[in-house]
$ cat protein.txt   # compact mmCIF, C-alpha atoms
# COMPACT_ATOMS: atom_id res chain seq x y z
CA MET O 144 -3.68 25.78 44.55
CA ALA O 145 -3.37 22.22 45.89
CA THR O 146 -4.80 21.15 49.22
CA ILE O 147 -3.67 17.89 50.84
CA ARG O 148 -5.75 16.42 53.65
CA GLU O 149 -4.60 13.53 55.80
CA ARG O 150 -7.24 10.89 56.51
CA LYS O 151 -7.36 7.77 58.68
CA ASP O 152 -9.62 4.76 58.31
CA ALA O 153 -11.02 2.61 61.13
CA GLN O 154 -7.81 0.57 61.27
CA GLY O 155 -5.68 3.69 61.58
CA ASN O 156 -4.25 3.51 58.05
CA LYS O 157 -3.36 6.91 56.63
CA SER O 158 -4.27 8.25 53.19
CA TYR O 159 -3.78 11.64 51.61
CA HIS O 160 -6.55 13.29 49.62
CA VAL O 161 -5.40 15.90 47.11
CA GLN O 162 -7.67 18.58 45.69
CA ILE O 163 -6.48 21.09 43.12
CA ARG O 164 -8.48 24.21 42.38
CA LEU O 165 -7.24 26.42 39.60
CA LYS O 166 -9.21 29.22 37.98
CA GLY O 167 -10.62 28.23 34.61
CA PHE O 168 -10.35 24.47 35.22
CA PRO O 169 -12.61 21.94 36.96
CA PRO O 170 -11.35 20.67 40.35
CA GLN O 171 -8.98 17.70 40.18
CA THR O 172 -8.84 15.17 43.01
CA ARG O 173 -6.99 11.97 43.82
CA THR O 174 -6.09 9.93 46.89
CA PHE O 175 -2.67 8.43 47.67
CA ASP O 176 -1.21 6.21 50.38
CA SER O 177 1.96 8.30 50.48
CA LYS O 178 2.19 12.02 51.18
CA THR O 179 5.27 12.23 48.95
CA LEU O 180 3.35 10.80 45.99
CA ALA O 181 0.46 13.18 46.73
CA LYS O 182 2.80 16.19 46.61
CA GLN O 183 4.46 14.98 43.40
CA TRP O 184 1.10 14.44 41.69
CA ALA O 185 -0.17 17.85 42.80
CA ALA O 186 2.93 19.61 41.47
CA GLN O 187 2.78 17.76 38.14
CA VAL O 188 -0.94 18.38 37.65
CA GLU O 189 -0.66 22.10 38.48
CA ALA O 190 2.20 22.46 35.98
CA ASP O 191 0.28 20.56 33.30
CA LEU O 192 -2.90 22.56 33.90
CA ARG O 193 -1.06 25.86 33.47
CA ALA O 194 0.66 24.52 30.33
CA GLY O 195 -2.64 23.21 28.90
CA ARG O 196 -1.50 19.57 28.90
CA TYR O 197 -3.43 18.01 31.74
CA MET O 198 -6.92 17.87 30.27
CA GLN O 199 -5.62 16.11 27.18
CA ARG O 200 -3.84 13.56 29.36
CA VAL O 201 -7.08 12.96 31.27
CA GLU O 202 -8.85 12.48 27.93
CA ALA O 203 -6.19 9.99 26.86
CA GLU O 204 -6.69 8.05 30.09
CA ARG O 205 -10.41 7.72 29.40
CA HIS O 206 -10.00 5.87 26.10
CA THR O 207 -8.33 2.59 25.20
CA VAL O 208 -6.55 1.72 21.99
CA ARG O 209 -9.32 -0.75 21.16
CA GLU O 210 -11.94 1.98 21.56
CA MET O 211 -9.94 4.26 19.27
CA ILE O 212 -9.58 1.57 16.59
CA ASP O 213 -13.28 0.65 16.76
CA ARG O 214 -14.33 4.27 16.27
CA TYR O 215 -11.90 4.60 13.36
CA ARG O 216 -13.47 1.57 11.68
CA LYS O 217 -16.97 3.03 11.90
CA GLU O 218 -16.18 6.63 10.95
CA ILE O 219 -13.20 6.37 8.59
CA LEU O 220 -12.55 2.86 7.32
CA LEU O 221 -16.11 2.11 6.20
CA THR O 222 -15.96 5.05 3.77
CA ARG O 223 -13.05 3.54 1.83
CA LYS O 224 -12.97 1.10 -1.06
CA PRO O 225 -13.95 -2.47 -0.07
CA GLN O 226 -10.55 -3.97 -0.83
CA ARG O 227 -8.72 -1.29 1.15
CA GLU O 228 -11.21 -1.65 3.99
CA ALA O 229 -10.54 -5.39 4.11
CA ASP O 230 -6.74 -5.03 3.92
CA GLN O 231 -6.49 -2.30 6.53
CA GLY O 232 -9.10 -4.01 8.70
CA ARG O 233 -6.83 -7.04 9.06
CA VAL O 234 -3.92 -4.81 10.04
CA LEU O 235 -6.04 -3.01 12.64
CA ASP O 236 -7.20 -6.37 14.01
CA TRP O 237 -3.56 -7.21 14.69
CA TRP O 238 -2.80 -3.89 16.41
CA SER O 239 -5.97 -4.18 18.50
CA SER O 240 -5.02 -7.69 19.62
CA ARG O 241 -1.63 -6.44 20.86
CA LEU O 242 -2.44 -2.99 22.25
CA GLY O 243 -6.22 -2.88 22.63
CA ALA O 244 -6.25 -3.09 26.43
CA TYR O 245 -3.89 -0.14 26.93
CA SER O 246 -5.21 3.35 27.56
CA LEU O 247 -4.04 5.98 25.09
CA ALA O 248 -2.07 7.61 27.91
CA GLU O 249 -0.05 4.40 28.25
CA LEU O 250 0.75 4.19 24.54
CA THR O 251 4.45 5.01 24.14
CA PRO O 252 6.92 4.89 21.22
CA ALA O 253 8.73 2.04 22.99
CA LEU O 254 5.53 -0.01 23.20
CA ILE O 255 4.74 0.56 19.51
CA GLY O 256 8.35 -0.26 18.60
CA THR O 257 8.10 -3.60 20.40
CA CYS O 258 4.95 -4.45 18.43
CA ARG O 259 6.67 -3.34 15.21
CA ASP O 260 9.49 -5.80 15.81
CA GLU O 261 7.03 -8.58 16.64
CA PHE O 262 5.08 -7.92 13.44
CA ALA O 263 8.29 -7.93 11.39
CA SER O 264 9.30 -11.31 12.85
CA ILE O 265 6.07 -13.05 11.77
CA PRO O 266 6.80 -15.16 8.65
CA THR O 267 4.68 -14.78 5.54
CA PRO O 268 2.19 -17.53 4.54
CA ASN O 269 4.92 -18.92 2.27
CA GLY O 270 7.32 -19.15 5.21
CA GLY O 271 9.58 -16.33 4.02
CA PRO O 272 10.60 -13.21 5.92
CA ARG O 273 8.16 -10.33 6.06
CA ALA O 274 9.14 -7.47 3.71
CA ALA O 275 10.09 -4.11 5.18
CA ALA O 276 7.45 -2.47 2.97
CA THR O 277 4.75 -4.60 4.64
CA VAL O 278 5.91 -3.48 8.08
CA VAL O 279 5.92 0.16 6.96
CA ARG O 280 2.37 -0.12 5.60
CA SER O 281 1.22 -1.64 8.89
CA LEU O 282 2.78 1.25 10.82
CA ALA O 283 1.25 3.76 8.40
CA THR O 284 -2.23 2.31 8.92
CA PHE O 285 -1.94 2.55 12.71
CA SER O 286 -0.32 5.98 12.39
CA HIS O 287 -3.35 7.34 10.56
CA VAL O 288 -5.63 6.10 13.34
CA LEU O 289 -3.51 7.99 15.86
CA SER O 290 -3.47 11.12 13.69
CA VAL O 291 -7.26 11.16 13.53
CA ALA O 292 -7.41 10.72 17.32
CA VAL O 293 -5.09 13.73 17.70
CA LYS O 294 -6.52 16.12 15.09
CA GLU O 295 -10.23 15.34 15.00
CA TRP O 296 -11.18 13.67 18.26
CA GLN O 297 -8.55 15.36 20.48
CA TRP O 298 -8.06 12.20 22.47
CA LEU O 299 -4.28 12.64 22.35
CA GLU O 300 -2.02 15.67 22.45
CA THR O 301 0.55 14.20 20.06
CA SER O 302 0.98 10.91 18.24
CA PRO O 303 3.63 8.60 19.73
CA MET O 304 4.16 7.20 16.23
CA SER O 305 6.19 10.28 15.27
CA ARG O 306 9.07 8.93 17.40
CA VAL O 307 8.91 5.34 16.12
CA ALA O 308 11.58 4.36 13.60
CA LYS O 309 10.42 2.80 10.34
CA PRO O 310 12.32 0.04 8.51
CA ARG O 311 14.13 1.16 5.41
CA VAL O 312 12.31 0.05 2.27
CA ASN O 313 14.21 -0.81 -0.86
CA ASN O 314 11.82 -0.74 -3.83
CA GLU O 315 14.55 -0.23 -6.41
CA ARG O 316 14.17 -3.58 -8.16
CA VAL O 317 15.98 -3.68 -11.48
CA ARG O 318 14.20 -6.76 -12.77
CA HIS O 319 12.46 -6.93 -16.09
CA LEU O 320 12.12 -9.54 -18.82
CA SER O 321 14.76 -9.86 -21.48
CA ASP O 322 13.50 -10.61 -24.99
CA ASP O 323 14.36 -14.28 -24.58
CA GLU O 324 12.68 -14.52 -21.15
CA ARG O 325 9.57 -12.81 -22.51
CA ASP O 326 9.29 -15.28 -25.38
CA ARG O 327 9.74 -18.27 -23.04
CA LEU O 328 7.17 -16.92 -20.57
CA LEU O 329 4.56 -16.27 -23.24
CA ALA O 330 5.10 -19.77 -24.69
CA ALA O 331 4.65 -21.30 -21.23
CA ALA O 332 1.54 -19.18 -20.57
CA ALA O 333 0.06 -20.28 -23.90
CA ARG O 334 0.48 -23.93 -22.84
CA SER O 335 -1.06 -23.34 -19.40
CA THR O 336 -4.20 -25.21 -18.36
CA ASN O 337 -5.55 -21.85 -17.18
CA ARG O 338 -7.39 -20.60 -20.26
CA TYR O 339 -6.95 -16.93 -19.33
CA LEU O 340 -3.29 -16.83 -18.30
CA TYR O 341 -1.86 -16.06 -21.74
CA VAL O 342 -4.16 -13.13 -22.46
CA ILE O 343 -3.66 -11.80 -18.92
CA VAL O 344 0.14 -11.86 -19.28
CA VAL O 345 -0.02 -10.30 -22.75
CA THR O 346 -2.32 -7.55 -21.45
CA ALA O 347 0.00 -6.88 -18.51
CA ILE O 348 3.07 -6.49 -20.74
CA SER O 349 1.18 -4.47 -23.38
CA THR O 350 -0.44 -1.98 -20.99
CA GLY O 351 1.56 -1.94 -17.76
CA MET O 352 -1.65 -2.52 -15.78
CA ARG O 353 -1.52 -3.99 -12.29
CA ARG O 354 -2.72 -7.54 -11.70
CA GLY O 355 -5.70 -6.36 -9.65
CA GLU O 356 -6.69 -3.89 -12.37
CA ILE O 357 -6.61 -6.60 -15.03
CA LEU O 358 -8.48 -9.23 -13.03
CA GLY O 359 -11.14 -6.70 -12.03
CA LEU O 360 -11.97 -5.74 -15.63
CA ARG O 361 -15.59 -6.01 -16.73
CA TRP O 362 -16.82 -5.74 -20.30
CA ARG O 363 -18.33 -2.32 -19.60
CA ASP O 364 -14.74 -1.09 -19.06
CA ILE O 365 -13.69 -2.11 -22.60
CA SER O 366 -14.22 -0.07 -25.76
CA LEU O 367 -13.21 -2.06 -28.83
CA PRO O 368 -12.40 -0.29 -32.12
CA LYS O 369 -15.18 -0.08 -34.68
CA GLN O 370 -12.83 -0.04 -37.62
CA GLU O 371 -9.75 -2.08 -38.41
CA GLY O 372 -6.42 -0.42 -37.69
CA SER O 373 -7.70 1.63 -34.76
CA TYR O 374 -7.08 0.97 -31.07
CA GLY O 375 -9.27 -0.07 -28.18
CA LEU O 376 -9.53 1.60 -24.80
CA ILE O 377 -9.69 0.30 -21.25
CA LEU O 378 -11.27 2.66 -18.74
CA LEU O 379 -10.13 2.05 -15.17
CA ASN O 380 -12.56 3.67 -12.77
CA ARG O 381 -10.80 2.45 -9.65
CA THR O 382 -7.02 2.57 -9.54
CA LYS O 383 -4.48 2.35 -6.74
CA ASN O 384 -4.14 6.13 -6.48
CA GLY O 385 -7.90 6.71 -6.68
CA GLU O 386 -7.94 8.37 -10.11
CA ARG O 387 -9.65 7.23 -13.31
CA ARG O 388 -7.30 6.22 -16.09
CA GLY O 389 -7.71 5.34 -19.74
CA VAL O 390 -5.34 2.71 -21.16
CA PRO O 391 -5.03 2.19 -24.94
CA LEU O 392 -5.39 -1.39 -26.12
CA THR O 393 -3.32 -2.31 -29.18
CA GLY O 394 -1.46 -5.12 -30.91
CA VAL O 395 -1.64 -8.70 -29.66
CA ALA O 396 -3.44 -7.66 -26.48
CA LEU O 397 -6.23 -6.09 -28.55
CA GLN O 398 -6.47 -9.21 -30.72
CA GLU O 399 -6.76 -11.46 -27.67
CA ILE O 400 -9.42 -9.27 -26.04
CA GLU O 401 -11.41 -9.24 -29.30
CA ARG O 402 -11.16 -13.04 -29.46
CA LEU O 403 -12.37 -13.24 -25.88
CA ASN O 404 -15.18 -10.83 -26.69
CA ALA O 405 -16.40 -13.14 -29.46
CA ILE O 406 -16.34 -16.16 -27.11
CA HIS O 407 -18.30 -14.38 -24.34
CA ALA O 408 -20.74 -12.64 -26.68
CA ASP O 409 -24.45 -13.17 -26.06
CA LYS O 410 -26.12 -14.81 -29.04
CA ARG O 411 -28.97 -12.28 -29.03
CA THR O 412 -27.02 -9.03 -28.61
CA GLY O 413 -23.72 -10.07 -30.18
CA ARG O 414 -21.74 -8.73 -27.25
CA PRO O 415 -20.90 -9.88 -23.69
CA GLU O 416 -22.95 -8.91 -20.64
CA PRO O 417 -21.58 -5.46 -19.61
CA ASP O 418 -21.27 -6.35 -15.91
CA ALA O 419 -19.56 -9.69 -16.56
CA LEU O 420 -15.88 -10.11 -15.72
CA LEU O 421 -13.40 -10.65 -18.54
CA PHE O 422 -11.63 -13.32 -16.51
CA PRO O 423 -14.24 -14.94 -14.25
CA SER O 424 -13.69 -17.81 -11.86
CA ASP O 425 -15.15 -21.15 -12.95
CA ARG O 426 -16.76 -21.69 -9.56
CA VAL O 427 -17.96 -18.14 -8.79
CA PRO O 428 -18.54 -16.20 -12.04
CA ASP O 429 -18.66 -12.83 -10.28
CA GLN O 430 -15.18 -13.33 -8.79
CA PRO O 431 -11.92 -13.11 -10.78
CA ILE O 432 -10.09 -16.29 -11.61
CA ASN O 433 -7.18 -17.28 -9.38
CA ILE O 434 -4.02 -17.23 -11.50
CA HIS O 435 -1.44 -17.81 -8.75
CA PRO O 436 -0.89 -21.56 -9.33
CA ALA O 437 -0.87 -21.25 -13.11
CA TRP O 438 1.50 -18.25 -12.98
CA ASP O 439 3.99 -20.06 -10.75
CA ILE O 440 3.93 -23.14 -12.99
CA ALA O 441 4.40 -21.10 -16.19
CA ARG O 442 7.27 -19.13 -14.64
CA ARG O 443 9.04 -22.35 -13.59
CA HIS O 444 8.49 -23.99 -16.99
CA ALA O 445 9.96 -20.88 -18.63
CA GLY O 446 13.03 -21.13 -16.38
CA ILE O 447 12.59 -17.59 -15.03
CA GLU O 448 13.80 -16.89 -11.49
CA ASP O 449 13.33 -13.94 -9.12
CA PHE O 450 10.37 -12.60 -11.05
CA ARG O 451 6.97 -11.53 -9.74
CA PHE O 452 3.81 -10.77 -11.67
CA HIS O 453 4.20 -7.09 -10.74
CA ASP O 454 7.55 -7.12 -12.55
CA LEU O 455 5.58 -7.35 -15.81
CA ARG O 456 4.60 -3.74 -15.10
CA HIS O 457 8.26 -2.98 -14.54
CA THR O 458 8.97 -4.68 -17.86
CA THR O 459 6.46 -2.46 -19.68
CA ALA O 460 8.07 0.67 -18.27
CA SER O 461 11.52 -0.53 -19.26
CA TYR O 462 10.37 -1.30 -22.82
CA LEU O 463 8.78 2.16 -23.04
CA ALA O 464 11.99 3.82 -21.86
CA MET O 465 14.07 1.81 -24.30
CA GLY O 466 11.67 2.83 -27.06
CA GLY O 467 12.28 6.51 -26.34
CA ALA O 468 9.18 7.36 -24.26
CA THR O 469 9.63 10.36 -22.00
CA ALA O 470 9.19 10.23 -18.22
CA PRO O 471 5.82 12.09 -18.34
CA GLU O 472 4.57 9.67 -21.03
CA ILE O 473 5.58 6.65 -18.96
CA ALA O 474 3.94 8.16 -15.88
CA GLU O 475 0.69 8.72 -17.78
CA ILE O 476 0.60 5.19 -19.16
CA LEU O 477 1.37 3.58 -15.79
CA GLY O 478 -0.90 5.93 -13.86
CA HIS O 479 1.75 7.44 -11.57
CA ARG O 480 1.05 10.82 -10.02
CA THR O 481 4.70 11.87 -9.77
CA LEU O 482 7.78 11.37 -11.89
CA ASN O 483 9.68 10.06 -8.86
CA MET O 484 7.84 6.75 -9.21
CA VAL O 485 8.89 6.54 -12.85
CA LYS O 486 12.55 6.62 -11.82
CA ARG O 487 12.08 3.25 -10.16
CA TYR O 488 10.40 1.66 -13.18
CA ALA O 489 11.86 3.41 -16.20
CA HIS O 490 15.45 2.30 -16.02
CA PHE O 491 17.37 1.08 -19.03
CA GLY O 492 18.52 -2.51 -19.22
CA LYS O 493 22.28 -2.95 -18.98
CA ASP O 494 22.42 -4.55 -22.44
CA HIS O 495 20.52 -1.62 -23.90
CA ILE O 496 22.89 0.91 -22.30
CA ALA O 497 25.92 -1.02 -23.52
CA GLY O 498 24.48 -1.06 -27.05
CA VAL O 499 23.83 2.69 -27.01
CA LEU O 500 27.34 3.44 -25.75
CA THR O 501 28.89 1.08 -28.30
CA ARG O 502 27.08 2.79 -31.17
CA VAL O 503 27.92 6.29 -29.93
CA ASN O 504 31.57 5.46 -29.33
CA ALA O 505 31.88 3.74 -32.69
CA ALA O 506 30.34 6.73 -34.48
CA ARG O 507 32.29 9.42 -32.63
CA LEU O 508 35.56 7.81 -31.60
CA GLY O 509 35.94 4.84 -33.90
CA GLY O 510 36.23 1.24 -32.76
CA ALA O 511 35.24 -2.29 -33.53
CA ASP O 512 32.07 -1.23 -35.34
CA SER O 513 33.67 1.54 -37.37
CA SER O 514 35.00 0.84 -40.87
CA LYS O 515 38.80 0.43 -41.07
CA ASP O 516 38.74 2.00 -44.52
CA ASP O 517 36.95 5.12 -43.31
CA GLN O 518 39.71 7.74 -43.04
CA SER O 519 37.43 10.75 -42.69
CA THR O 520 37.86 13.14 -39.78
CA PRO O 521 35.29 12.60 -37.00
CA ASP O 522 32.60 15.22 -36.73
CA PRO O 523 33.53 17.34 -33.66
CA THR O 524 29.86 17.95 -32.85

$ encode --input "protein.txt" --output "structure tokens"
Amino acid sequence: MATIRERKDAQGNKSYHVQIRLKGFPPQTRTFDSKTLAKQWAAQVEADLRAGRYMQRVEAERHTVREMIDRYRKEILLTRKPQREADQGRVLDWWSSRLGAYSLAELTPALIGTCRDEFASIPTPNGGPRAAATVVRSLATFSHVLSVAVKEWQWLETSPMSRVAKPRVNNERVRHLSDDERDRLLAAAARSTNRYLYVIVVTAISTGMRRGEILGLRWRDISLPKQEGSYGLILLNRTKNGERRGVPLTGVALQEIERLNAIHADKRTGRPEPDALLFPSDRVPDQPINIHPAWDIARRHAGIEDFRFHDLRHTTASYLAMGGATAPEIAEILGHRTLNMVKRYAHFGKDHIAGVLTRVNAARLGGADSSKDDQSTPDPT
């Protein structure tokens, strides 16, 4: 039950002290200048106490967003891979700068939505618009912080993020290299002043590996064949989805890695230092080389537009699909957990589809490619 007591100070100003005693809960008290507000608060608190909501709201009022983010950094983020820790740490810095002073009880979907729109309006370092996928990842990072606060720390009853709309992401790029574009790009990479660009591009097309996976390779990750005609193997211990993956090394990519192996080999042992990077920076040998400038120059010299380094991975998947590889085989090579991801990568080029249809139609229905002298009846099967 709620008890409201009227009080007066020395100047005669009135205040109303509310005390709520309910069995099974600690007493709740608050003072108001208005009796109406006192009654409203008492009614709301009694209803929330009986429904089991009030104590969680009190807990949410005790903690700020900054406090929640700081605890998440110490208990959750520090246990993750260094690169992910750095990437997500920057995102959390941004959210903390915008919402850190608010208590968790004040955190509403509308407030988060306003910050979402502000984040989306910030141009990229290149001056272009921020991608919807970047905004979604930022929301996902903050959403996980809120989920931990709800499930493990019980600082919140529910996450306000569940009622925040996410931008629609369109990852269905249908961009891969044609044969002519590939040849021009490789020729430009071979002429690059960056001594590693050609072998990096060849490895990307040959294996479908991500740029970060290639640049992070060390010689201990490489197993070269001991006899001619066999294949090498790249063992990726850290991948995007957290699983180890073995990638066969064949053809031109294998030849280039073997050539690099001979260049980096220690004179005493005949092989490179196991912990050394395949593609080290000239200034800091234990850091990968920066290929961004050389890549952009090679792409421009090759006359290729609307093409990112990651599209080389897309190109590999497309070549595999055109060569008859099945969806599970493509998924295994690229390191995807589900076949849904393969649908985005393993599309057929329009020229390839047209060629298949032309051959099928010519064989079954007759046409430009069929012989005019062939008068035989088409096989109905």

$ atom_distance --input "protein.txt" --atom1 "atom CA of O:Gly394" --atom2 "atom CA of O:Gly359"
21.3 Å

$ residues_around --input "protein.txt" --residues "O:Leu378" --least-positions-apart "4" --cutoff "7 Å" --atoms "all atoms listed in the file" --output "VMD selection string"
chain O and resid 364 to 365 388 to 390

$ residues_around --input "protein.txt" --residues "O:Trp237" --least-positions-apart "4" --cutoff "12 Å" --atoms "all atoms listed in the file" --output "number ranges by chain"
O: 208-209, 212, 230-233, 241-243, 258-259, 261-262, 265, 281-282, 284-285

$ residues_around --input "protein.txt" --residues "O:Val293" --least-positions-apart "3" --cutoff "12 Å" --atoms "only C-alpha atoms" --output "PyMOL selection string"
chain O and resi 199-200+202-203+211+247+286-290+296-304

$ residues_around --input "protein.txt" --residues "stretch 156-161 of chain O" --least-positions-apart "2" --cutoff "7 Å" --atoms "only C-alpha atoms" --output "list in words"
Ala145, Thr146, Ile147, Arg148, Glu149, Arg150, Lys151, Asp152, Gln154, Ile163, Thr172, Arg173, Thr174, Phe175, Asp176, Ser177, Lys178 and Ala181 of chain O

$ atom_distance --input "protein.txt" --atom1 "atom CA of O:Asn337" --atom2 "atom CA of O:Ile432"
9.1 Å

$ atom_distance --input "protein.txt" --atom1 "atom CA of O:Leu320" --atom2 "atom CA of O:Ala464"
13.7 Å

$ closest_residue --input "protein.txt" --among "O:Ala275, O:Ala248, O:Val188, O:Met352" --to "O:Arg164" --atoms "all atoms listed in the file"
O:Val188

$ closest_residue --input "protein.txt" --among "O:Ala445, O:Trp238, O:Ala263, O:Pro391" --to "O:Glu475" --atoms "all atoms listed in the file"
O:Pro391

$ residues_around --input "protein.txt" --residues "stretch 419-421 of chain O" --least-positions-apart "5" --cutoff "12 Å" --atoms "only C-alpha atoms" --output "VMD selection string"
chain O and resid 338 to 340 342 to 343 346 356 to 365 377 399 to 409 414 427 to 432

$ closest_residue --input "protein.txt" --among "O:Arg426, O:Arg318, O:Arg507, O:Arg273" --to "O:Asp449" --atoms "all atoms listed in the file"
O:Arg318

$ axis_aligned_box --input "protein.txt" --around "stretch 291-303 of chain O" --padding-each-side "6 Å" --output "lines of an AutoDock Vina configuration file"
center_x = -3.8
center_y = 12.4
center_z = 18.0
size_x = 26.8
size_y = 19.5
size_z = 20.9

$ closest_residue --input "protein.txt" --among "O:Arg411, O:Ser349, O:Leu329, O:Gln398" --to "O:His444" --atoms "all atoms listed in the file"
O:Leu329
